[in-house]
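query-v6.cif (mmCIF, C-alpha atoms (C1' of nucleotides)) appears below.
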data_structure
loop_
_atom_site.label_atom_id
_atom_site.label_comp_id
_atom_site.auth_asym_id
_atom_site.auth_seq_id
_atom_site.Cartn_x
_atom_site.Cartn_y
_atom_site.Cartn_z
CA MET A 17 30.97 -28.89 -12.39
CA GLU A 18 29.31 -26.65 -9.88
CA TYR A 19 25.81 -26.74 -8.57
CA GLU A 20 23.63 -24.26 -10.35
CA LEU A 21 19.94 -23.63 -9.92
CA ASN A 22 17.86 -24.60 -12.90
CA THR A 23 15.68 -21.53 -13.06
CA GLU A 24 13.96 -22.60 -16.25
CA ASN A 25 11.82 -25.31 -14.72
CA LEU A 26 10.87 -22.98 -11.91
CA LEU A 27 9.93 -20.19 -14.25
CA ASP A 28 7.83 -22.53 -16.36
CA ASN A 29 5.78 -23.47 -13.33
CA MET A 30 5.31 -19.97 -12.00
CA PRO A 31 1.82 -18.52 -12.44
CA ASP A 32 1.89 -15.93 -15.17
CA GLU A 33 2.64 -12.32 -14.41
CA GLU A 34 -0.88 -11.12 -15.04
CA LEU A 35 -2.40 -13.51 -12.53
CA ILE A 36 0.15 -12.55 -9.91
CA TYR A 37 -0.49 -8.89 -10.56
CA ASN A 38 -4.22 -9.40 -10.19
CA MET A 39 -3.76 -11.34 -6.97
CA ALA A 40 -1.67 -8.57 -5.50
CA GLU A 41 -4.23 -5.99 -6.60
CA LEU A 42 -7.04 -7.88 -4.92
CA PHE A 43 -5.03 -8.24 -1.72
CA LYS A 44 -4.34 -4.54 -1.85
CA VAL A 45 -8.06 -3.97 -1.49
CA PHE A 46 -8.08 -5.96 1.76
CA SER A 47 -4.94 -4.32 3.05
CA ASP A 48 -6.50 -1.19 4.53
CA SER A 49 -8.32 -1.32 7.85
CA THR A 50 -11.01 1.12 6.77
CA ARG A 51 -11.94 -1.16 3.90
CA VAL A 52 -11.80 -4.24 6.11
CA ARG A 53 -14.07 -2.51 8.62
CA ILE A 54 -16.50 -1.64 5.85
CA LEU A 55 -16.52 -5.24 4.68
CA CYS A 56 -17.05 -6.51 8.22
CA ALA A 57 -19.94 -4.14 8.73
CA LEU A 58 -21.50 -5.21 5.45
CA GLY A 59 -20.98 -8.81 6.53
CA LEU A 60 -23.39 -8.11 9.37
CA SER A 61 -25.96 -6.04 7.51
CA GLU A 62 -26.49 -4.21 4.27
CA LEU A 63 -25.99 -0.52 4.80
CA THR A 64 -26.23 2.88 3.15
CA VAL A 65 -23.15 5.03 2.71
CA GLY A 66 -24.30 7.31 5.49
CA ASP A 67 -24.86 4.35 7.82
CA ILE A 68 -21.35 3.09 7.21
CA ALA A 69 -19.95 6.54 7.91
CA LYS A 70 -21.91 6.63 11.17
CA VAL A 71 -20.84 3.17 12.27
CA LEU A 72 -17.18 3.75 11.52
CA GLU A 73 -17.33 7.35 12.75
CA MET A 74 -15.76 8.61 9.56
CA ASN A 75 -16.27 11.22 6.91
CA GLN A 76 -18.84 10.34 4.25
CA SER A 77 -16.34 11.23 1.59
CA ALA A 78 -13.72 8.84 2.92
CA ILE A 79 -16.27 6.02 2.91
CA SER A 80 -17.35 6.88 -0.59
CA HIS A 81 -13.78 6.82 -1.83
CA GLN A 82 -13.20 3.39 -0.33
CA LEU A 83 -16.50 2.00 -1.57
CA ARG A 84 -15.34 2.94 -5.02
CA MET A 85 -12.33 0.66 -4.68
CA LEU A 86 -14.49 -2.12 -3.25
CA LYS A 87 -16.87 -1.79 -6.19
CA GLN A 88 -14.05 -1.92 -8.71
CA ALA A 89 -12.80 -5.10 -7.05
CA ARG A 90 -16.35 -6.49 -7.24
CA LEU A 91 -16.38 -7.13 -3.51
CA VAL A 92 -19.51 -5.09 -2.87
CA LYS A 93 -22.63 -4.33 -4.84
CA PHE A 94 -25.38 -1.78 -4.30
CA ARG A 95 -28.97 -1.07 -5.13
CA ARG A 96 -30.89 2.15 -4.98
CA ASP A 97 -33.66 2.75 -2.47
CA GLY A 98 -35.07 6.23 -2.90
CA LYS A 99 -32.26 8.64 -2.28
CA ASN A 100 -30.10 6.02 -0.63
CA LEU A 101 -27.67 3.55 -2.08
CA ILE A 102 -27.70 0.35 -0.11
CA TYR A 103 -24.43 -1.52 -0.20
CA SER A 104 -23.89 -5.22 0.49
CA LEU A 105 -21.23 -7.88 0.01
CA ALA A 106 -20.96 -9.10 -3.56
CA ASP A 107 -20.47 -12.82 -2.90
CA ASP A 108 -19.36 -15.42 -0.39
CA HIS A 109 -15.70 -15.57 -1.33
CA VAL A 110 -15.19 -12.46 0.68
CA LYS A 111 -16.31 -14.28 3.80
CA THR A 112 -14.24 -17.36 3.02
CA ILE A 113 -11.11 -15.35 2.48
CA PHE A 114 -11.69 -13.56 5.75
CA SER A 115 -12.00 -16.76 7.73
CA GLN A 116 -8.79 -18.21 6.28
CA ILE A 117 -6.87 -15.11 7.16
CA THR A 118 -8.37 -14.99 10.62
CA GLU A 119 -7.32 -18.59 11.20
CA HIS A 120 -3.76 -17.74 10.28
CA ILE A 121 -3.70 -14.75 12.61
CA MET A 122 -5.16 -16.68 15.53
CA GLU A 123 -2.41 -19.32 15.63
CA MET B 2 -40.96 8.45 14.16
CA GLU B 3 -38.27 8.14 11.54
CA TYR B 4 -36.20 5.18 10.62
CA GLU B 5 -32.83 5.27 12.26
CA LEU B 6 -30.06 2.73 12.10
CA ASN B 7 -29.32 1.02 15.38
CA THR B 8 -25.55 1.21 15.24
CA GLU B 9 -25.09 -0.28 18.69
CA ASN B 10 -25.95 -3.82 17.76
CA LEU B 11 -23.74 -3.57 14.72
CA LEU B 12 -20.80 -2.24 16.68
CA ASP B 13 -21.16 -4.98 19.27
CA ASN B 14 -20.84 -7.61 16.59
CA MET B 15 -17.92 -6.05 14.76
CA PRO B 16 -14.58 -7.82 15.25
CA ASP B 17 -12.40 -5.76 17.54
CA GLU B 18 -10.08 -3.13 16.18
CA GLU B 19 -6.94 -5.11 16.87
CA LEU B 20 -8.08 -8.09 14.85
CA ILE B 21 -9.09 -5.88 11.97
CA TYR B 22 -5.77 -4.12 12.09
CA ASN B 23 -3.91 -7.44 12.07
CA MET B 24 -5.98 -8.70 9.16
CA ALA B 25 -5.18 -5.62 7.15
CA GLU B 26 -1.50 -5.95 8.03
CA LEU B 27 -1.40 -9.54 6.82
CA PHE B 28 -3.18 -8.65 3.60
CA LYS B 29 -0.67 -5.87 3.12
CA VAL B 30 2.02 -8.51 2.93
CA PHE B 31 0.22 -10.21 0.04
CA SER B 32 -0.50 -6.96 -1.71
CA ASP B 33 2.77 -6.53 -3.55
CA SER B 34 3.56 -8.57 -6.64
CA THR B 35 7.21 -9.00 -5.74
CA ARG B 36 6.22 -10.66 -2.50
CA VAL B 37 3.59 -12.78 -4.20
CA ARG B 38 6.15 -13.88 -6.77
CA ILE B 39 8.56 -14.82 -4.00
CA LEU B 40 5.85 -16.85 -2.28
CA CYS B 41 4.93 -18.56 -5.55
CA ALA B 42 8.54 -19.46 -6.20
CA LEU B 43 8.93 -20.83 -2.68
CA GLY B 44 5.73 -22.77 -3.23
CA LEU B 45 7.56 -24.67 -5.96
CA SER B 46 10.91 -25.10 -4.26
CA GLU B 47 12.94 -23.91 -1.31
CA LEU B 48 15.45 -21.33 -2.45
CA THR B 49 18.36 -19.20 -1.35
CA VAL B 50 18.12 -15.43 -1.47
CA GLY B 51 20.40 -15.38 -4.49
CA ASP B 52 18.27 -17.97 -6.27
CA ILE B 53 15.15 -15.91 -5.73
CA ALA B 54 16.89 -12.82 -7.04
CA LYS B 55 17.94 -14.79 -10.14
CA VAL B 56 14.50 -16.26 -10.77
CA LEU B 57 12.73 -12.92 -10.38
CA GLU B 58 15.53 -11.05 -12.13
CA MET B 59 15.75 -8.56 -9.31
CA ASN B 60 18.30 -6.95 -7.05
CA GLN B 61 19.46 -9.08 -4.12
CA SER B 62 18.79 -6.20 -1.78
CA ALA B 63 15.21 -5.81 -2.91
CA ILE B 64 14.59 -9.51 -2.29
CA SER B 65 16.21 -9.31 1.11
CA HIS B 66 14.01 -6.39 2.11
CA GLN B 67 10.89 -8.25 1.05
CA LEU B 68 11.94 -11.48 2.74
CA ARG B 69 12.20 -9.48 5.93
CA MET B 70 8.51 -8.57 5.71
CA LEU B 71 7.60 -12.15 4.89
CA LYS B 72 9.55 -13.36 7.90
CA GLN B 73 7.88 -10.86 10.19
CA ALA B 74 4.51 -12.06 8.94
CA ARG B 75 5.65 -15.64 9.62
CA LEU B 76 4.90 -16.63 6.05
CA VAL B 77 8.40 -17.92 5.33
CA LYS B 78 11.09 -19.57 7.40
CA PHE B 79 14.76 -20.25 6.68
CA ARG B 80 17.66 -22.42 7.64
CA ARG B 81 21.35 -21.96 7.11
CA ASP B 82 23.36 -24.12 4.72
CA GLY B 83 26.98 -23.00 4.68
CA LYS B 84 27.01 -19.47 3.42
CA ASN B 85 23.48 -19.66 2.13
CA LEU B 86 20.18 -19.06 3.81
CA ILE B 87 17.57 -21.36 2.38
CA TYR B 88 14.06 -19.97 2.53
CA SER B 89 10.80 -21.92 2.37
CA LEU B 90 7.10 -21.39 3.06
CA ALA B 91 6.20 -21.38 6.75
CA ASP B 92 2.96 -23.34 6.61
CA ASP B 93 0.01 -24.45 4.51
CA HIS B 94 -2.29 -21.52 5.17
CA VAL B 95 -0.32 -19.56 2.66
CA LYS B 96 -1.33 -21.99 -0.05
CA THR B 97 -4.95 -22.12 1.06
CA ILE B 98 -5.25 -18.37 1.06
CA PHE B 99 -3.76 -18.24 -2.40
CA SER B 100 -6.22 -20.72 -3.83
CA GLN B 101 -9.22 -18.85 -2.44
CA ILE B 102 -8.07 -15.62 -3.95
CA THR B 103 -7.28 -17.26 -7.25
CA GLU B 104 -10.79 -18.66 -7.34
CA HIS B 105 -12.25 -15.22 -6.84
CA ILE B 106 -10.11 -13.76 -9.60
CA MET B 107 -10.96 -16.51 -12.07
CA GLU B 108 -14.71 -15.94 -11.99
"C1'" DA C 14 44.18 -13.58 10.17
"C1'" DA C 15 42.79 -12.32 5.65
"C1'" DT C 16 39.77 -12.74 1.96
"C1'" DA C 17 35.70 -14.02 -0.51
"C1'" DC C 18 31.05 -14.66 -0.65
"C1'" DA C 19 25.98 -14.50 0.85
"C1'" DT C 20 22.89 -11.85 3.03
"C1'" DA C 21 21.18 -7.90 5.79
"C1'" DT C 22 20.64 -3.12 6.72
"C1'" DG C 23 20.33 2.10 6.45
"C1'" DA C 24 19.53 6.16 3.83
"C1'" DA C 25 17.56 8.41 -0.09
"C1'" DC C 26 14.35 8.97 -3.69
"C1'" DA C 27 10.39 8.34 -6.55
"C1'" DC C 28 5.88 6.99 -6.46
"C1'" DA C 29 1.42 5.46 -4.44
"C1'" DT C 30 -2.37 6.07 -1.24
"C1'" DA C 31 -5.93 7.66 2.31
"C1'" DA C 32 -8.34 11.35 4.10
"C1'" DG C 33 -10.50 15.84 4.13
"C1'" DC C 34 -12.43 19.84 1.95
"C1'" DA C 35 -15.17 21.83 -1.43
"C1'" DT C 36 -18.13 21.03 -4.91
"C1'" DA C 37 -20.61 18.36 -8.53
"C1'" DT C 38 -24.14 15.00 -9.69
"C1'" DG C 39 -28.37 13.07 -9.62
"C1'" DA C 40 -32.71 11.30 -7.67
"C1'" DA C 41 -37.00 12.59 -5.17
"C1'" DC C 42 -40.55 15.47 -4.22
"C1'" DA C 43 -42.88 19.98 -3.37
"C1'" DT D 4 -38.77 23.74 -12.14
"C1'" DG D 5 -36.45 24.40 -7.96
"C1'" DT D 6 -34.91 22.63 -3.72
"C1'" DT D 7 -33.27 19.12 -0.79
"C1'" DC D 8 -30.85 15.22 0.43
"C1'" DA D 9 -27.54 11.22 -0.40
"C1'" DT D 10 -23.66 10.15 -2.69
"C1'" DA D 11 -19.69 10.83 -5.84
"C1'" DT D 12 -15.68 13.22 -7.49
"C1'" DG D 13 -11.46 16.37 -8.09
"C1'" DC D 14 -7.86 18.40 -5.76
"C1'" DT D 15 -4.51 18.75 -2.15
"C1'" DT D 16 -1.75 17.22 1.53
"C1'" DA D 17 0.42 14.09 4.62
"C1'" DT D 18 2.02 9.66 5.06
"C1'" DG D 19 3.52 5.13 3.49
"C1'" DT D 20 6.01 1.93 0.41
"C1'" DG D 21 9.37 -0.36 -2.97
"C1'" DT D 22 13.63 -0.07 -4.98
"C1'" DT D 23 18.45 1.11 -5.37
"C1'" DC D 24 23.00 2.20 -3.80
"C1'" DA D 25 26.48 1.80 -0.55
"C1'" DT D 26 27.92 -0.54 3.22
"C1'" DA D 27 27.77 -3.62 7.31
"C1'" DT D 28 27.48 -8.26 9.16
"C1'" DG D 29 28.69 -12.74 9.43
"C1'" DT D 30 30.11 -17.31 7.78
"C1'" DA D 31 33.29 -20.23 5.28
"C1'" DT D 32 37.86 -21.08 3.26
"C1'" DT D 33 42.75 -20.49 2.47
#

Could you render the structure as C-alpha cells?
Amino acid sequence: MEYELNTENLLDNMPDEELIYNMAELFKVFSDSTRVRILCALGLSELTVGDIAKVLEMNQSAISHQLRMLKQARLVKFRRDGKNLIYSLADDHVKTIFSQITEHIME
Amino acid sequence: MEYELNTENLLDNMPDEELIYNMAELFKVFSDSTRVRILCALGLSELTVGDIAKVLEMNQSAISHQLRMLKQARLVKFRRDGKNLIYSLADDHVKTIFSQITEHIME
DNA sequence: AATACATATGAACACATAAGCATATGAACA
DNA sequence: TGTTCATATGCTTATGTGTTCATATGTATT
C-alpha cells in the first residue's frame, strides 16, 4: 500500500472559497503603489482629492479612480465641505495591516 | 490670503518610495486567490507541489509558477525529500497578516 | 546508462488594470 | 438661472498577470 495524501481532511479545514476570494480582493486594493501612497498620505492627514493629487504629483482623474476602489473596499470615507470632498481613513485596521506588512519587509 | 495645503510637511513624513513600492509588491503576492489558497493549504500542512495541485485541483505548472512568486517573496520555503520538494510556510508573519485581514473582512 | 517521475521554465494567449483625456455631474454662489 | 469649481465617470490605450501547453531539468531507480 502506497503513501497517498488524504486531501479530504485538508479540504475540510480550508477556509471557504468566498472568504479566500474576498481576502485576495482586499489585498488587491493594497497591491498598487498609488493606492498605498494615498493611504499613507491619509494616514497623516485628511485630504481633499485635489490635495492628494498635489501631494502625489498625479492627475486628479487618476486619484479619483483609485479613491473609488478604496471606497468600495471601505478603506476610506469622505465628507463634504463646501465644494470639496475630504477623504480620510475608514478605520484602524488599515494602520494595523500596514505595520504588520512593514515588519515583514524590514526583516 | 487663501487656504493652501502645506504639502511639504506631508511629504517629509511620507514613507519613502522604496518602502511603499515594496509594500505594494508584497501585497501583490497576496492578491491572487490561487496563491492565498496555496498559503492556506500550507498553513494546515507541509505539502509537495503535486499535493498542492491535487488539493486545489489545478495544473502542476500553474502551482509551480505561483510557488515561484511565493518563494521570491520569502513566504514559503522548501526542502527536498527524494524526488519531491516539500513546501511549507516561511514564518509566522504570514499567519498574522492573514488574521488581520480576515478580521477586517468579517466586520 | 536508461528510464521514470517530480518539478521548473519559456512562450503564447486571454484577460485584467492603471492612467490619461475628454466630458459629465453636482454643489455653491453671484 | 447661469457660471464656476471640485470631483466623478466613460472610453481608450499600454502594460501587467494567470494559466496552459510543451519541454527542459534534475533526481532516483533499475

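When the PyMOL selection byres ((chain C and resi 36) around 12) is evaluated against the file, it yields Ser77 of chain A; DC34, DA35, DA37 and DT38 of chain C; DA11, DT12, DG13 and DC14 of chain D.
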
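Across the structure, CA of Leu12 in chain B and CA of Val65 in chain A are spaced 15.9 Å apart.
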
Practice problem: Please report as a VMD selection string which residues of chain B come no farther than 10 Å from chain C, using all atoms listed in the file. | Solution: chain B and resid 49 to 51 61 to 62 65 to 66 69 83 to 86

Exercise. Could you jot down the CA of Ser104 in chain A to CA of Leu58 in chain A separation for me, Å, one decimal place?
Key: 5.5 Å

Select residues of chain A: the criterion is any atom within 8 Å of an atom of chain B, counting all atoms listed in the file; output as a short mmCIF file (atom, residue, chain, number, x, y, z; two decimals) with C-alpha atoms, in the coordinates of the input.
data_model
loop_
_atom_site.label_atom_id
_atom_site.label_comp_id
_atom_site.auth_asym_id
_atom_site.auth_seq_id
_atom_site.Cartn_x
_atom_site.Cartn_y
_atom_site.Cartn_z
CA LEU A 21 19.94 -23.63 -9.92
CA THR A 23 15.68 -21.53 -13.06
CA LEU A 26 10.87 -22.98 -11.91
CA LEU A 27 9.93 -20.19 -14.25
CA ASN A 29 5.78 -23.47 -13.33
CA MET A 30 5.31 -19.97 -12.00
CA PRO A 31 1.82 -18.52 -12.44
CA ILE A 36 0.15 -12.55 -9.91
CA TYR A 37 -0.49 -8.89 -10.56
CA ASN A 38 -4.22 -9.40 -10.19
CA MET A 39 -3.76 -11.34 -6.97
CA ALA A 40 -1.67 -8.57 -5.50
CA GLU A 41 -4.23 -5.99 -6.60
CA LEU A 42 -7.04 -7.88 -4.92
CA PHE A 43 -5.03 -8.24 -1.72
CA LYS A 44 -4.34 -4.54 -1.85
CA PHE A 46 -8.08 -5.96 1.76
CA SER A 47 -4.94 -4.32 3.05
CA ASP A 48 -6.50 -1.19 4.53
CA SER A 49 -8.32 -1.32 7.85
CA VAL A 52 -11.80 -4.24 6.11
CA ARG A 53 -14.07 -2.51 8.62
CA CYS A 56 -17.05 -6.51 8.22
CA ALA A 57 -19.94 -4.14 8.73
CA LEU A 60 -23.39 -8.11 9.37
CA SER A 61 -25.96 -6.04 7.51
CA ASP A 67 -24.86 4.35 7.82
CA LYS A 70 -21.91 6.63 11.17
CA VAL A 71 -20.84 3.17 12.27
CA HIS A 109 -15.70 -15.57 -1.33
CA THR A 112 -14.24 -17.36 3.02
CA ILE A 113 -11.11 -15.35 2.48
CA GLN A 116 -8.79 -18.21 6.28
CA ILE A 117 -6.87 -15.11 7.16
CA THR A 118 -8.37 -14.99 10.62
CA HIS A 120 -3.76 -17.74 10.28
CA ILE A 121 -3.70 -14.75 12.61
#

Practice problem: May I ask you to extract the residues of chain D within 8 Å of chain A, using only C-alpha atoms (C1' of nucleotides), and to give them as a PyMOL selection string? | Solution: chain D and resi 8-11

As AutoDock Vina command-line options, please: the centre and edge lengths in Å, to one decimal, of an axis-aligned box enclosing every listed atom of range 66-73 of chain B with 8 Å added on each side.
--center_x 10.8 --center_y -9.9 --center_z 5.6 --size_x 22.4 --size_y 23.0 --size_z 25.1

Produce range 22-42 of chain C of the given structure as output with C-alpha atoms (C1' of nucleotides), as a short mmCIF file (atom, residue, chain, number, x, y, z; two decimals), in the first residue's frame.
data_model
loop_
_atom_site.label_atom_id
_atom_site.label_comp_id
_atom_site.auth_asym_id
_atom_site.auth_seq_id
_atom_site.Cartn_x
_atom_site.Cartn_y
_atom_site.Cartn_z
"C1'" DT C 22 10.69 27.00 -17.12
"C1'" DG C 23 9.61 29.51 -21.58
"C1'" DA C 24 6.33 31.04 -24.89
"C1'" DA C 25 1.70 32.24 -26.08
"C1'" DC C 26 -2.82 33.80 -25.20
"C1'" DA C 27 -6.73 35.71 -22.90
"C1'" DC C 28 -7.97 38.80 -19.57
"C1'" DA C 29 -7.39 42.48 -16.05
"C1'" DT C 30 -5.77 47.01 -14.68
"C1'" DA C 31 -3.89 51.91 -14.27
"C1'" DA C 32 -3.56 56.20 -16.32
"C1'" DG C 33 -4.89 60.00 -19.26
"C1'" DC C 34 -8.13 62.58 -21.96
"C1'" DA C 35 -12.48 64.48 -22.55
"C1'" DT C 36 -16.61 65.27 -20.58
"C1'" DA C 37 -20.44 64.77 -17.21
"C1'" DT C 38 -22.24 65.71 -12.63
"C1'" DG C 39 -23.34 68.31 -8.93
"C1'" DA C 40 -22.73 71.76 -5.25
"C1'" DA C 41 -22.04 76.75 -4.27
"C1'" DC C 42 -22.75 81.28 -5.10
#
